[in-house]
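Peer 1: Got a structure for you, written out below as structure tokens; questions coming shortly.
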Amino acid sequence: MWNETVLQQLLLITDGCSNAGTDPVYVAQLARSKGIATSVIGILDEGSLGETGRREAQNIAEAGGGMCRIVKASELSKTMQMVTRQTMQLTLHHVVNSELRQLMGQDSDHLPPETRTKVASLVETMTEEVWMDLGLVIDVSASMNHKMTAVREATRDLEFGLNARSGSHRLTVITYPGTNGSLADVHHSIAAEGIADFIGAIRPTGNTPTGPALEIAMKALLNRESDDAPGSMRHYVV
Amino acid sequence: MSSDFAVNQCSPTLTPGRIIQGKWHGRAYRIVRQIGSGANGVVHLAYRGEEQVAIKVGTDATALAVEYDRLQMLQDSSQGRILAPALFELDDLIVGNELRPVLVMEFVDGRAVDEFIKLHGREWVPLVILRILNLLIILHERGFAFCDLKPSNILLDERTAQPRLVDFGGVTKISNAVKEFTELYDRAWWGRGSRKADIRYDLFACAMLGLELLAPLTKSELDRLTLRRPQERSAWLDEKMSRLGLDDELVSLFVDIIKHTELDISGFRQVLLRYIGRHEGMSDAQPQPSVHTVRTRVRRRFDMIDWMLLISVLGFAATLVVVLWTNAI
């Protein structure tokens with residue numbers, strides 16, 4: 001029933017502050033207006049993620065209608081799973097609430113808790129069944145060098161989670177800065193192989209153009225949609 | 001996104017003695033202390049009037065509502081009530097100027113399974129795992145898997161060694177994706193299957209739990225494994241099992257179960273029952289002696305040996321005295 005609903009989400013993994021190109025907060029806002037939620041995971045150890053990086057991460061998530069988590073590299077796997085899932089639920093909850101507001105003039109948070117469980121069950125079913133279009137935006141600037149093994153295993157874990165769902169999904173990975181002087185590279189996950197080992201083999205180098213990378217990611221999600229997404233999709237704008 | 005429930009914020013600290021009020025049911029709860037934390041929130045021991053309750057303060061209203069739904073499903077039979085904590089209410093709490101979703105449940109008093117085994121001995125492992133399987137069967141029959149099986153979610157009664165499961169936030173409909181897991185007990189992390197919730201997912205977790213209780217992984221081993229690929233972890237596990245299983249009958253019991261992936265839940269139970277029968281002359285049909293009686297019996301046997309030793313020493317001394325005395329004369 002819900003497998004014709006598509007949910008688009010960007011998840012940014014970074015360990016520093018952006019230092020080139022467009023403002024990422026602006027891009028997150030733009031993506032949100034096109035129905036794509038943006039969440040951010042900031043990695044703590046060694047990188048340049050100081051107070052400024054932390055604040056930028058929070059601002060991106062706030063503008064993008066997603067979540068923000070600041071964690072150690074060792075917690076990356078768990079956090080990526082959780083953030084992806086909770087951002088989905090946040091978006092779906094919002095969708096259900098706006099329909100409830102139209103129908104009953106109030107949203108589920110104002111319903112008695114026992115009645116709210118019915119809405120929650122619906123959100124849970126949707127989380128399992130919706131068409132999931134996920135763009136994973138990974139910072140591969142020089143400071144990420146020692147964290148790529150953790151990123152590799154976290155990506156693999158994320159793919160395990162996506163593969164276990166009954167609904168379809170598409171995973172696009174955007175790494176930045178790109179090779180050969182480009183701002184970012186777009187990689188498409190090939191179903192059986194998985195993309196984790198490919199990412200693990202990338203040698204991080206260069207600066208941190210977070211804004212342009214998010215913009216490329218957003219376009220990748222919007223463009224590919226016409227190619228291989230199911231025929232009659234319903235879009236939800238957050 | 002406007003919502004009364006901020007998902008990306010930490011749970012506020014509830015200090016002991018604080019009294020909080022539910023918005024919908026109007027009940028007041030007096031916080032005693034924090035007793036645990038799960039993925040869906042922080043659990044506190046509290047008083048609801050004279051009654052002790054466990055109160056889970058969540059950050060995500062949807063997740064708590066789903067957990068409430070799962071617990072409610074299990075309240076309709078005596079079996080279900082053995083498996084899961086009794087359910088009181090789902091409510092919103094006014095904490096400061098924020099609204100927090102809470103789940104109020106029966107307070108399950110017990111010792112986490114790993115602590116229990118440390119305290120009472122590793123010979124308890126097969127019986128405890130068997131009893132956990134018996135609980136899981138109840139859940140499986142209703143079409144759900146527990147998934148996030150780990151020591152802190154399994155509490156044992158100190159006198160009867162009967163396990164209870166707590167934290168039903170990870171309970172997932174069979175054939176859906178697993179929502180919550182712990183690496184050590186996760187089939188996919190070990191490169192031994194998918195992360196879909198099914199009966200065998202729980203069985204793998206149970207077998208790994210048995211092995212972990214007998215031969216725990218060290219922190220540094222776990223840290224190293226985290227950065228490996230699943231197939232490397234799987235090979236590492238095979239190597240560990242072949243090394244450990246050689247001269248330890250208890251460990252090899254669980255090694256066999258992990259290796260025989262075709263075992264279903266009744267096969268798993270049979271293996272454990274056979275082991276228990278062999279070693280203690282007990283079967284599942286008879287109630288097992290409680291921790292308490294085992295302890296006293298051990299002490300009594302000790303007393304008897306003491307007495308016999310004392311009598312023989314006295315007897316020997318008396319004979320010696322008599323012999324020496326007659327010789328002297």
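Naming scheme: A, B, ... for chains in displayed order of the structure tokens; residues 1 onward per chain; ligands 1 onward as shown.
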Under the rule of at most 7 Å, produce a per-residue listing of chain A near chain B: chain, number, name, the closest pair of atoms, and the distance in Å, as JSON lines, using only C-alpha atoms.
Peer 2:
```
{"residue": "A:Gly65", "atom": "CA", "partner": "B:Met1", "partner_atom": "CA", "distance": 6.2}
{"residue": "A:Met67", "atom": "CA", "partner": "B:Asn8", "partner_atom": "CA", "distance": 6.0}
{"residue": "A:Cys68", "atom": "CA", "partner": "B:Asn8", "partner_atom": "CA", "distance": 6.8}
{"residue": "A:Pro112", "atom": "CA", "partner": "B:Trp24", "partner_atom": "CA", "distance": 6.8}
{"residue": "A:Pro113", "atom": "CA", "partner": "B:Leu90", "partner_atom": "CA", "distance": 5.8}
{"residue": "A:Glu114", "atom": "CA", "partner": "B:Leu90", "partner_atom": "CA", "distance": 6.7}
{"residue": "A:Arg116", "atom": "CA", "partner": "B:Ala65", "partner_atom": "CA", "distance": 6.9}
{"residue": "A:Thr117", "atom": "CA", "partner": "B:Ala65", "partner_atom": "CA", "distance": 4.8}
{"residue": "A:Ala120", "atom": "CA", "partner": "B:Thr62", "partner_atom": "CA", "distance": 4.9}
{"residue": "A:Ser121", "atom": "CA", "partner": "B:Val66", "partner_atom": "CA", "distance": 6.0}
{"residue": "A:Glu128", "atom": "CA", "partner": "B:Asn176", "partner_atom": "CA", "distance": 6.9}
{"residue": "A:Thr149", "atom": "CA", "partner": "B:Leu227", "partner_atom": "CA", "distance": 6.0}
{"residue": "A:Ala150", "atom": "CA", "partner": "B:Leu227", "partner_atom": "CA", "distance": 6.0}
{"residue": "A:Glu153", "atom": "CA", "partner": "B:Leu227", "partner_atom": "CA", "distance": 6.7}
{"residue": "A:Phe160", "atom": "CA", "partner": "B:Arg195", "partner_atom": "CA", "distance": 6.2}
{"residue": "A:Gly161", "atom": "CA", "partner": "B:Arg195", "partner_atom": "CA", "distance": 6.4}
{"residue": "A:Ala164", "atom": "CA", "partner": "B:Ala177", "partner_atom": "CA", "distance": 4.7}
{"residue": "A:Arg165", "atom": "CA", "partner": "B:Ala177", "partner_atom": "CA", "distance": 4.7}
{"residue": "A:Ser166", "atom": "CA", "partner": "B:Asn176", "partner_atom": "CA", "distance": 6.4}
```
Peer 1: Using only C-alpha atoms, which residues sit within 9 Å of Asp157 in chain B once same-chain residues fewer than 2 positions away are excluded, as a short mmCIF file (atom, residue, chain, number, x, y, z; two decimals) with C-alpha atoms, in the first residue's frame?
Peer 2:
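The resulting file, out.cif, is shown below:
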```cif
data_model
loop_
_atom_site.label_atom_id
_atom_site.label_comp_id
_atom_site.auth_asym_id
_atom_site.auth_seq_id
_atom_site.Cartn_x
_atom_site.Cartn_y
_atom_site.Cartn_z
CA VAL B 108 10.80 -6.08 36.97
CA ASP B 109 13.28 -6.70 39.76
CA GLY B 110 16.14 -8.98 38.83
CA ARG B 111 19.74 -9.39 37.95
CA LEU B 155 16.62 -9.99 34.01
CA ARG B 159 15.65 -17.08 43.82
CA THR B 160 14.03 -18.93 40.96
CA ALA B 161 16.45 -18.08 38.11
CA GLN B 162 13.40 -17.39 35.94
CA PRO B 163 14.24 -14.87 33.21
CA ARG B 164 12.01 -11.97 32.18
#
```
Peer 1: DSSP on the backbone: what in range 66-223 of chain A comes out strand (DSSP E), as a list in words?
Peer 2: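 Here is the list: Gly66, Met67, Cys68, Arg69, Ile70, Val71, Trp131, Met132, Asp133, Leu134, Gly135, Leu136, Val137, Ile138, Asp139, His169, Arg170, Leu171, Thr172, Val173, Ile174, Thr175, Tyr176, Asp185, Val186, His187 and His188 of chain A.
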Peer 1: Just N, CA and C atoms for this one: save the residues we selected as an mmCIF file, in the first residue's frame.
Peer 2:
```
data_model
loop_
_atom_site.group_PDB
_atom_site.id
_atom_site.type_symbol
_atom_site.label_atom_id
_atom_site.label_comp_id
_atom_site.auth_asym_id
_atom_site.auth_seq_id
_atom_site.Cartn_x
_atom_site.Cartn_y
_atom_site.Cartn_z
ATOM 1 N N GLY A 66 15.927 17.782 9.156
ATOM 2 C CA GLY A 66 16.382 16.456 9.586
ATOM 3 C C GLY A 66 16.937 16.475 10.984
ATOM 4 N N MET A 67 17.836 15.537 11.271
ATOM 5 C CA MET A 67 18.410 15.440 12.607
ATOM 6 C C MET A 67 19.901 15.704 12.561
ATOM 7 N N CYS A 68 20.468 16.029 13.733
ATOM 8 C CA CYS A 68 21.902 16.225 13.822
ATOM 9 C C CYS A 68 22.451 15.405 14.979
ATOM 10 N N ARG A 69 23.507 14.668 14.733
ATOM 11 C CA ARG A 69 24.181 13.915 15.786
ATOM 12 C C ARG A 69 25.682 14.134 15.662
ATOM 13 N N ILE A 70 26.344 14.373 16.808
ATOM 14 C CA ILE A 70 27.797 14.494 16.821
ATOM 15 C C ILE A 70 28.329 13.281 17.573
ATOM 16 N N VAL A 71 29.123 12.434 16.918
ATOM 17 C CA VAL A 71 29.546 11.172 17.546
ATOM 18 C C VAL A 71 31.017 10.857 17.287
ATOM 19 N N TRP A 131 9.132 3.661 -0.550
ATOM 20 C CA TRP A 131 10.242 3.670 -1.495
ATOM 21 C C TRP A 131 11.269 4.661 -0.954
ATOM 22 N N MET A 132 12.470 4.152 -0.643
ATOM 23 C CA MET A 132 13.453 4.979 0.051
ATOM 24 C C MET A 132 14.544 5.413 -0.924
ATOM 25 N N ASP A 133 14.687 6.714 -1.094
ATOM 26 C CA ASP A 133 15.714 7.233 -1.999
ATOM 27 C C ASP A 133 16.731 7.996 -1.154
ATOM 28 N N LEU A 134 17.863 7.353 -0.882
ATOM 29 C CA LEU A 134 18.817 7.905 0.083
ATOM 30 C C LEU A 134 20.104 8.359 -0.602
ATOM 31 N N GLY A 135 20.484 9.597 -0.342
ATOM 32 C CA GLY A 135 21.768 10.098 -0.817
ATOM 33 C C GLY A 135 22.717 10.218 0.367
ATOM 34 N N LEU A 136 23.801 9.449 0.338
ATOM 35 C CA LEU A 136 24.780 9.481 1.424
ATOM 36 C C LEU A 136 25.927 10.380 0.979
ATOM 37 N N VAL A 137 26.087 11.512 1.649
ATOM 38 C CA VAL A 137 27.090 12.493 1.240
ATOM 39 C C VAL A 137 28.285 12.393 2.192
ATOM 40 N N ILE A 138 29.418 11.903 1.686
ATOM 41 C CA ILE A 138 30.556 11.623 2.571
ATOM 42 C C ILE A 138 31.724 12.565 2.300
ATOM 43 N N ASP A 139 32.162 13.223 3.353
ATOM 44 C CA ASP A 139 33.338 14.095 3.338
ATOM 45 C C ASP A 139 34.580 13.205 3.222
ATOM 46 N N HIS A 169 14.551 0.463 -2.308
ATOM 47 C CA HIS A 169 15.371 1.621 -1.986
ATOM 48 C C HIS A 169 16.374 1.861 -3.099
ATOM 49 N N ARG A 170 16.945 3.049 -3.079
ATOM 50 C CA ARG A 170 18.045 3.356 -3.972
ATOM 51 C C ARG A 170 19.067 4.123 -3.146
ATOM 52 N N LEU A 171 20.311 3.675 -3.211
ATOM 53 C CA LEU A 171 21.360 4.342 -2.446
ATOM 54 C C LEU A 171 22.341 4.999 -3.404
ATOM 55 N N THR A 172 22.493 6.310 -3.294
ATOM 56 C CA THR A 172 23.464 7.041 -4.096
ATOM 57 C C THR A 172 24.504 7.603 -3.134
ATOM 58 N N VAL A 173 25.780 7.372 -3.431
ATOM 59 C CA VAL A 173 26.812 7.897 -2.540
ATOM 60 C C VAL A 173 27.534 9.039 -3.238
ATOM 61 N N ILE A 174 27.652 10.172 -2.544
ATOM 62 C CA ILE A 174 28.337 11.333 -3.103
ATOM 63 C C ILE A 174 29.562 11.591 -2.228
ATOM 64 N N THR A 175 30.758 11.499 -2.799
ATOM 65 C CA THR A 175 31.966 11.761 -2.018
ATOM 66 C C THR A 175 32.547 13.093 -2.469
ATOM 67 N N TYR A 176 33.044 13.868 -1.483
ATOM 68 C CA TYR A 176 33.592 15.175 -1.825
ATOM 69 C C TYR A 176 34.829 15.497 -1.004
ATOM 70 N N ASP A 185 32.053 13.521 -6.422
ATOM 71 C CA ASP A 185 31.792 12.395 -7.322
ATOM 72 C C ASP A 185 30.499 11.707 -6.903
ATOM 73 N N VAL A 186 29.740 11.262 -7.902
ATOM 74 C CA VAL A 186 28.491 10.553 -7.616
ATOM 75 C C VAL A 186 28.675 9.081 -7.947
ATOM 76 N N HIS A 187 28.382 8.204 -6.971
ATOM 77 C CA HIS A 187 28.488 6.759 -7.194
ATOM 78 C C HIS A 187 27.124 6.134 -6.967
ATOM 79 N N HIS A 188 26.786 5.187 -7.818
ATOM 80 C CA HIS A 188 25.510 4.492 -7.627
ATOM 81 C C HIS A 188 25.767 3.098 -7.097
#
```
Peer 1: Which residue, B:Asn327, B:Thr319, B:Ser242, B:Gln21, has the smallest gap to Asp256 in chain B when you use only C-alpha atoms?
Peer 2: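 That would be B:Ser242, the residue with the smallest distance to Asp256 in chain B.
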Peer 1: Excluding range 191-200 of chain A and its own-chain neighbours fewer than 4 positions away, which residues fall within 8 Å of it when counting only C-alpha atoms? Please give them as JSON, numbers by chain.
Peer 2: {"A": [148, 149, 151, 152, 153, 155, 156, 159]}
Peer 1: Suppose we keep C-alpha atoms; can you now write the selection as a PDB file, in the first residue's frame?
Peer 2:
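Here's the written file out27.pdb:
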```pdb
ATOM      1  CA  MET A 148      37.537   5.656   6.264  1.00  0.00           C
ATOM      2  CA  THR A 149      37.513   2.111   7.718  1.00  0.00           C
ATOM      3  CA  VAL A 151      32.901   4.842   7.267  1.00  0.00           C
ATOM      4  CA  ARG A 152      33.264   1.683   5.162  1.00  0.00           C
ATOM      5  CA  GLU A 153      31.752  -0.580   7.839  1.00  0.00           C
ATOM      6  CA  THR A 155      28.021   2.123   5.058  1.00  0.00           C
ATOM      7  CA  ARG A 156      27.902  -1.653   4.874  1.00  0.00           C
ATOM      8  CA  GLU A 159      23.103  -1.344   3.349  1.00  0.00           C
TER       9      GLU A 159
END
```
Peer 1: Can you list, as number ranges by chain, every residue of range 13-130 of chain A that DSSP puts in alpha helix (DSSP H)?
Peer 2: A: 24-33, 51-64, 76-104, 113-129
Peer 1: Which is closest to Leu158 in chain A among A:Val140, A:Met82, A:Leu221, A:Val119, if we use only C-alpha atoms?
Peer 2: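 Using only C-alpha atoms, Leu158 in chain A sits closest to A:Met82.
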Peer 1: Just to confirm, what's the straight-line distance from CA of Val255 in chain B to CA of Leu135 in chain B in Å (one decimal)?
Peer 2: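 Distance reported for this atom pair: 22.1 Å.
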Peer 1: Counting only C-alpha atoms, figure out which residue out of A:Asn163, A:Thr210, A:Thr52, A:Thr38 gets nearest to Gly21 in chain A.
Peer 2: A:Thr210
Peer 1: Could you list, as a list in words, every residue within 12 Å of Met126 in chain A, counting only C-alpha atoms and ignoring same-chain residues fewer than 4 positions away?
Peer 2: Met1, Trp2, Asn3, Glu4, Thr5, Val6, Leu7, Arg85, Met88, Gln89, Leu90, Thr91, Leu92, His93, Val95, Val96, Val119, Ala120, Ser121, Leu122, Val130, Trp131, Met132, Arg165, Ser166, Gly167 and Ser168 of chain A; Asn176 of chain B
Peer 1: Could you save the residues just selected, with N, CA and C atoms, as an mmCIF file, in the first residue's frame?
Peer 2:
```cif
data_model
loop_
_atom_site.group_PDB
_atom_site.id
_atom_site.type_symbol
_atom_site.label_atom_id
_atom_site.label_comp_id
_atom_site.auth_asym_id
_atom_site.auth_seq_id
_atom_site.Cartn_x
_atom_site.Cartn_y
_atom_site.Cartn_z
ATOM 1 N N MET A 1 0.831 -1.197 0.000
ATOM 2 C CA MET A 1 0.000 0.000 0.000
ATOM 3 C C MET A 1 0.871 1.255 0.000
ATOM 4 N N TRP A 2 1.980 1.204 0.769
ATOM 5 C CA TRP A 2 2.836 2.378 0.877
ATOM 6 C C TRP A 2 4.029 2.336 -0.057
ATOM 7 N N ASN A 3 4.137 1.242 -0.828
ATOM 8 C CA ASN A 3 5.348 1.109 -1.631
ATOM 9 C C ASN A 3 5.367 2.021 -2.844
ATOM 10 N N GLU A 4 4.314 2.813 -3.021
ATOM 11 C CA GLU A 4 4.351 3.792 -4.105
ATOM 12 C C GLU A 4 4.654 5.183 -3.598
ATOM 13 N N THR A 5 4.837 5.285 -2.291
ATOM 14 C CA THR A 5 5.223 6.563 -1.704
ATOM 15 C C THR A 5 6.748 6.619 -1.690
ATOM 16 N N VAL A 6 7.301 7.735 -2.138
ATOM 17 C CA VAL A 6 8.755 7.820 -2.135
ATOM 18 C C VAL A 6 9.214 8.844 -1.105
ATOM 19 N N LEU A 7 10.253 8.458 -0.366
ATOM 20 C CA LEU A 7 10.841 9.351 0.631
ATOM 21 C C LEU A 7 12.270 9.651 0.217
ATOM 22 N N ARG A 85 16.688 6.090 10.046
ATOM 23 C CA ARG A 85 15.368 5.606 10.428
ATOM 24 C C ARG A 85 14.524 6.710 11.066
ATOM 25 N N MET A 88 13.352 9.317 8.634
ATOM 26 C CA MET A 88 12.200 8.798 7.892
ATOM 27 C C MET A 88 10.936 8.964 8.706
ATOM 28 N N GLN A 89 11.019 8.559 9.991
ATOM 29 C CA GLN A 89 9.831 8.616 10.837
ATOM 30 C C GLN A 89 9.378 10.046 11.075
ATOM 31 N N LEU A 90 10.376 10.926 11.201
ATOM 32 C CA LEU A 90 10.063 12.337 11.411
ATOM 33 C C LEU A 90 9.274 12.878 10.218
ATOM 34 N N THR A 91 9.752 12.552 9.020
ATOM 35 C CA THR A 91 9.084 13.005 7.805
ATOM 36 C C THR A 91 7.684 12.388 7.698
ATOM 37 N N LEU A 92 7.616 11.070 7.935
ATOM 38 C CA LEU A 92 6.337 10.376 7.819
ATOM 39 C C LEU A 92 5.338 10.874 8.860
ATOM 40 N N HIS A 93 5.852 11.092 10.066
ATOM 41 C CA HIS A 93 5.016 11.589 11.138
ATOM 42 C C HIS A 93 4.409 12.936 10.736
ATOM 43 N N VAL A 95 3.951 13.967 7.675
ATOM 44 C CA VAL A 95 2.971 13.718 6.613
ATOM 45 C C VAL A 95 1.635 13.315 7.217
ATOM 46 N N VAL A 96 1.687 12.326 8.123
ATOM 47 C CA VAL A 96 0.463 11.837 8.754
ATOM 48 C C VAL A 96 -0.225 12.964 9.510
ATOM 49 N N VAL A 119 -1.722 5.697 15.087
ATOM 50 C CA VAL A 119 -0.932 6.515 14.162
ATOM 51 C C VAL A 119 0.504 5.999 14.120
ATOM 52 N N ALA A 120 1.039 5.660 15.317
ATOM 53 C CA ALA A 120 2.418 5.169 15.402
ATOM 54 C C ALA A 120 2.590 3.874 14.613
ATOM 55 N N SER A 121 1.608 2.969 14.719
ATOM 56 C CA SER A 121 1.688 1.712 13.973
ATOM 57 C C SER A 121 1.702 1.976 12.476
ATOM 58 N N LEU A 122 0.906 2.947 12.068
ATOM 59 C CA LEU A 122 0.856 3.318 10.653
ATOM 60 C C LEU A 122 2.209 3.852 10.193
ATOM 61 N N VAL A 130 7.857 2.161 2.491
ATOM 62 C CA VAL A 130 7.971 3.219 1.483
ATOM 63 C C VAL A 130 9.200 3.042 0.597
ATOM 64 N N TRP A 131 9.132 3.661 -0.550
ATOM 65 C CA TRP A 131 10.242 3.670 -1.495
ATOM 66 C C TRP A 131 11.269 4.661 -0.954
ATOM 67 N N MET A 132 12.470 4.152 -0.643
ATOM 68 C CA MET A 132 13.453 4.979 0.051
ATOM 69 C C MET A 132 14.544 5.413 -0.924
ATOM 70 N N ARG A 165 14.667 -4.251 4.582
ATOM 71 C CA ARG A 165 13.321 -3.678 4.499
ATOM 72 C C ARG A 165 12.502 -4.365 3.416
ATOM 73 N N SER A 166 11.174 -4.342 3.577
ATOM 74 C CA SER A 166 10.349 -4.906 2.499
ATOM 75 C C SER A 166 10.193 -3.922 1.351
ATOM 76 N N GLY A 167 10.285 -2.626 1.641
ATOM 77 C CA GLY A 167 10.170 -1.630 0.582
ATOM 78 C C GLY A 167 11.445 -1.530 -0.254
ATOM 79 N N SER A 168 11.324 -0.950 -1.457
ATOM 80 C CA SER A 168 12.509 -0.793 -2.302
ATOM 81 C C SER A 168 13.316 0.400 -1.832
ATOM 82 N N ASN B 176 9.999 -8.307 8.709
ATOM 83 C CA ASN B 176 10.354 -6.890 8.570
ATOM 84 C C ASN B 176 11.840 -6.695 8.910
#
```
Peer 1: Counting only C-alpha atoms, which residue out of B:Gly210, B:Leu253, B:Val321, B:Lys259 sits closest to Ser234 in chain B?
Peer 2: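 Distance minimum relative to Ser234 in chain B lands on B:Lys259.
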